[in-house]
Amino acid sequence: MQPTLVAVAHGSRDPRAPLAVHALLERVRELRPRLDVRLGHVELNQPLLGDTLGALPGGGEAVLVPLLLGRGTHVKRDLPAAARAGHLRVRVAAPLGPHPLLVEALYERLLEAGWTPGTAVVLAAAGSRDPDSAADTGRSAALLSERLDGVPVVPAYASAAAPRVPDAVRALASRGRHRVAVASYFAAPGRFAAACAAAAPGPAAAPLGDHPALARLVVLRYEQALARRARPVELATA
């Protein structure tokens, strides 16, 4: 038996968010039909991650794949803690970003929204006080700029970090970039994603959702975690 892939979503009060996550996992199952793919949420939605892990048979293995786009508190603290709190052998995969597949999904969402060549972009993310999270968002912005033939891509945030999206838009305008689109650095719809889109002076891309490139990236992160030489976390018997 292959280890179970447990996709870990943040959770949201927006009713569209669980629908988007389930649609993404259906694409993952299409890519790996023999793989047991399950879902756990950090908060706000059912099933919670602890309940998902608790439902797996004792002595089995699982890989937690965060549906999160960079390093932050959940990836660096909450998921490793969950991996040590059960009756399984668990590995924690890397977050989805930064990665070229993620950038491809961002690029295609921008095209769907009506982005045109030469239009500057604000990469709108949730925001975190963790400097590693900001570094990951900045790296994704740089990769997206390369994908867009060098147009400026400025990271901005909905909370906890600066600049905010309206500030980034004004900063681009001060540089003569009056055509600005907003790329949604969110895996699913939610309050922050909606607020960032509302601040867009031009096209506003949809969250990444069930984009096929994102599904391929989920599978890749799972396979990379299995390939690591480090031993999985050994969990105590419940």
# chains A, B, ... in the order shown; residues from 1 in each chain; ligands from 1
>>> select_by_dssp(residues="region 12-125 of chain A", states="strand (DSSP E)", output="list in words")
Val37, Arg38, Leu39, Gly40, His41, Glu61, Ala62, Val63, Leu64, Val65, Pro66, Arg89, Val90, Arg91, Val92, Ala120, Val121, Val122, Leu123, Ala124 and Ala125 of chain A
>>> write_last_selection(atoms="C-alpha atoms", output="mmCIF file, in the first residue's frame")
data_model
loop_
_atom_site.group_PDB
_atom_site.id
_atom_site.type_symbol
_atom_site.label_atom_id
_atom_site.label_comp_id
_atom_site.auth_asym_id
_atom_site.auth_seq_id
_atom_site.Cartn_x
_atom_site.Cartn_y
_atom_site.Cartn_z
ATOM 1 C CA VAL A 37 -6.272 10.836 -1.177
ATOM 2 C CA ARG A 38 -7.887 12.455 1.831
ATOM 3 C CA LEU A 39 -8.464 15.977 3.114
ATOM 4 C CA GLY A 40 -7.864 17.647 6.464
ATOM 5 C CA HIS A 41 -8.298 21.296 7.432
ATOM 6 C CA GLU A 61 1.786 5.759 6.640
ATOM 7 C CA ALA A 62 0.694 9.174 5.434
ATOM 8 C CA VAL A 63 2.167 12.184 3.695
ATOM 9 C CA LEU A 64 0.785 15.576 4.635
ATOM 10 C CA VAL A 65 0.761 17.820 1.554
ATOM 11 C CA PRO A 66 -0.024 21.398 2.560
ATOM 12 C CA ARG A 89 4.229 7.143 10.398
ATOM 13 C CA VAL A 90 3.965 10.558 8.804
ATOM 14 C CA ARG A 91 6.023 12.775 6.516
ATOM 15 C CA VAL A 92 5.307 16.431 5.870
ATOM 16 C CA ALA A 120 2.200 45.085 -14.483
ATOM 17 C CA VAL A 121 1.014 42.646 -11.831
ATOM 18 C CA VAL A 122 0.469 42.696 -8.088
ATOM 19 C CA LEU A 123 0.847 39.197 -6.644
ATOM 20 C CA ALA A 124 -1.712 39.286 -3.826
ATOM 21 C CA ALA A 125 -1.085 36.892 -0.930
#
>>> closest_atom_pairs(of="region 27-72 of chain A", to="region 168-186 of chain A", cutoff="10 Å", atoms="only C-alpha atoms", output="JSON lines")
{"residue": "A:Leu67", "atom": "CA", "partner": "A:Phe186", "partner_atom": "CA", "distance": 9.5}
{"residue": "A:Leu68", "atom": "CA", "partner": "A:Phe186", "partner_atom": "CA", "distance": 8.1}
{"residue": "A:Leu69", "atom": "CA", "partner": "A:Phe186", "partner_atom": "CA", "distance": 7.5}
>>> residues_around(residues="Ser133 (chain A)", least_positions_apart="4", cutoff="8 Å", atoms="only C-alpha atoms", output="PyMOL selection string")
chain A and resi 70-72+127-129+137
>>> closest_residue(among="A:Ala83, A:Ala126, A:Ala55, A:Leu144", to="Ala188 (chain A)", atoms="only C-alpha atoms")
A:Ala126
>>> atom_distance(atom1="CA of Ala204 (chain A)", atom2="CA of Gly114 (chain A)")
8.3 Å
>>> atom_distance(atom1="CA of Pro15 (chain A)", atom2="CA of Ser159 (chain A)")
21.0 Å
>>> residues_around(residues="Leu208 (chain A)", least_positions_apart="3", cutoff="9 Å", atoms="only C-alpha atoms", output="PDB file with N, CA and C atoms, in the first residue's frame")
ATOM      1  N   ALA A  20     -13.813  24.313  -3.941  1.00  0.00           N
ATOM      2  CA  ALA A  20     -12.602  24.424  -4.755  1.00  0.00           C
ATOM      3  C   ALA A  20     -11.574  23.372  -4.361  1.00  0.00           C
ATOM      4  N   LEU A 102       3.349  26.129 -10.090  1.00  0.00           N
ATOM      5  CA  LEU A 102       2.497  27.130  -9.446  1.00  0.00           C
ATOM      6  C   LEU A 102       2.460  28.406 -10.285  1.00  0.00           C
ATOM      7  N   ALA A 105       0.178  28.050 -13.227  1.00  0.00           N
ATOM      8  CA  ALA A 105      -1.226  28.231 -12.854  1.00  0.00           C
ATOM      9  C   ALA A 105      -1.553  29.713 -12.672  1.00  0.00           C
ATOM     10  N   LEU A 106      -0.662  30.470 -12.041  1.00  0.00           N
ATOM     11  CA  LEU A 106      -0.865  31.909 -11.882  1.00  0.00           C
ATOM     12  C   LEU A 106      -0.970  32.595 -13.240  1.00  0.00           C
ATOM     13  N   ARG A 109      -4.311  31.771 -14.957  1.00  0.00           N
ATOM     14  CA  ARG A 109      -5.424  32.482 -14.320  1.00  0.00           C
ATOM     15  C   ARG A 109      -5.425  33.960 -14.726  1.00  0.00           C
ATOM     16  N   SER A 184      -3.971  36.260  -8.047  1.00  0.00           N
ATOM     17  CA  SER A 184      -4.447  35.750  -6.765  1.00  0.00           C
ATOM     18  C   SER A 184      -3.555  34.611  -6.276  1.00  0.00           C
ATOM     19  N   TYR A 185      -2.733  34.901  -5.267  1.00  0.00           N
ATOM     20  CA  TYR A 185      -1.840  33.888  -4.697  1.00  0.00           C
ATOM     21  C   TYR A 185      -2.569  33.166  -3.565  1.00  0.00           C
ATOM     22  N   PHE A 186      -3.713  32.612  -3.920  1.00  0.00           N
ATOM     23  CA  PHE A 186      -4.569  31.900  -2.972  1.00  0.00           C
ATOM     24  C   PHE A 186      -4.998  30.585  -3.618  1.00  0.00           C
ATOM     25  N   ALA A 187      -4.999  29.529  -2.837  1.00  0.00           N
ATOM     26  CA  ALA A 187      -5.400  28.230  -3.361  1.00  0.00           C
ATOM     27  C   ALA A 187      -6.906  28.136  -3.558  1.00  0.00           C
ATOM     28  N   ALA A 188      -7.677  28.905  -2.773  1.00  0.00           N
ATOM     29  CA  ALA A 188      -9.133  28.801  -2.830  1.00  0.00           C
ATOM     30  C   ALA A 188      -9.754  30.159  -2.522  1.00  0.00           C
ATOM     31  N   PRO A 189     -11.018  30.353  -2.890  1.00  0.00           N
ATOM     32  CA  PRO A 189     -11.688  31.612  -2.561  1.00  0.00           C
ATOM     33  C   PRO A 189     -11.775  31.816  -1.050  1.00  0.00           C
ATOM     34  N   ALA A 205      -7.336  38.164 -11.262  1.00  0.00           N
ATOM     35  CA  ALA A 205      -7.383  36.722 -11.522  1.00  0.00           C
ATOM     36  C   ALA A 205      -8.111  35.989 -10.404  1.00  0.00           C
ATOM     37  N   HIS A 211      -6.871  24.222 -10.777  1.00  0.00           N
ATOM     38  CA  HIS A 211      -6.065  24.292 -11.993  1.00  0.00           C
ATOM     39  C   HIS A 211      -5.267  22.997 -12.154  1.00  0.00           C
ATOM     40  N   LEU A 214      -1.816  22.832 -10.659  1.00  0.00           N
ATOM     41  CA  LEU A 214      -1.786  22.733  -9.200  1.00  0.00           C
ATOM     42  C   LEU A 214      -1.965  21.282  -8.761  1.00  0.00           C
TER      43      LEU A 214
END
>>> select_by_dssp(residues="region 11-127 of chain A", states="helix (DSSP H, G or I)", output="PyMOL selection string")
chain A and resi 16-31+49-54+73-83+100-113
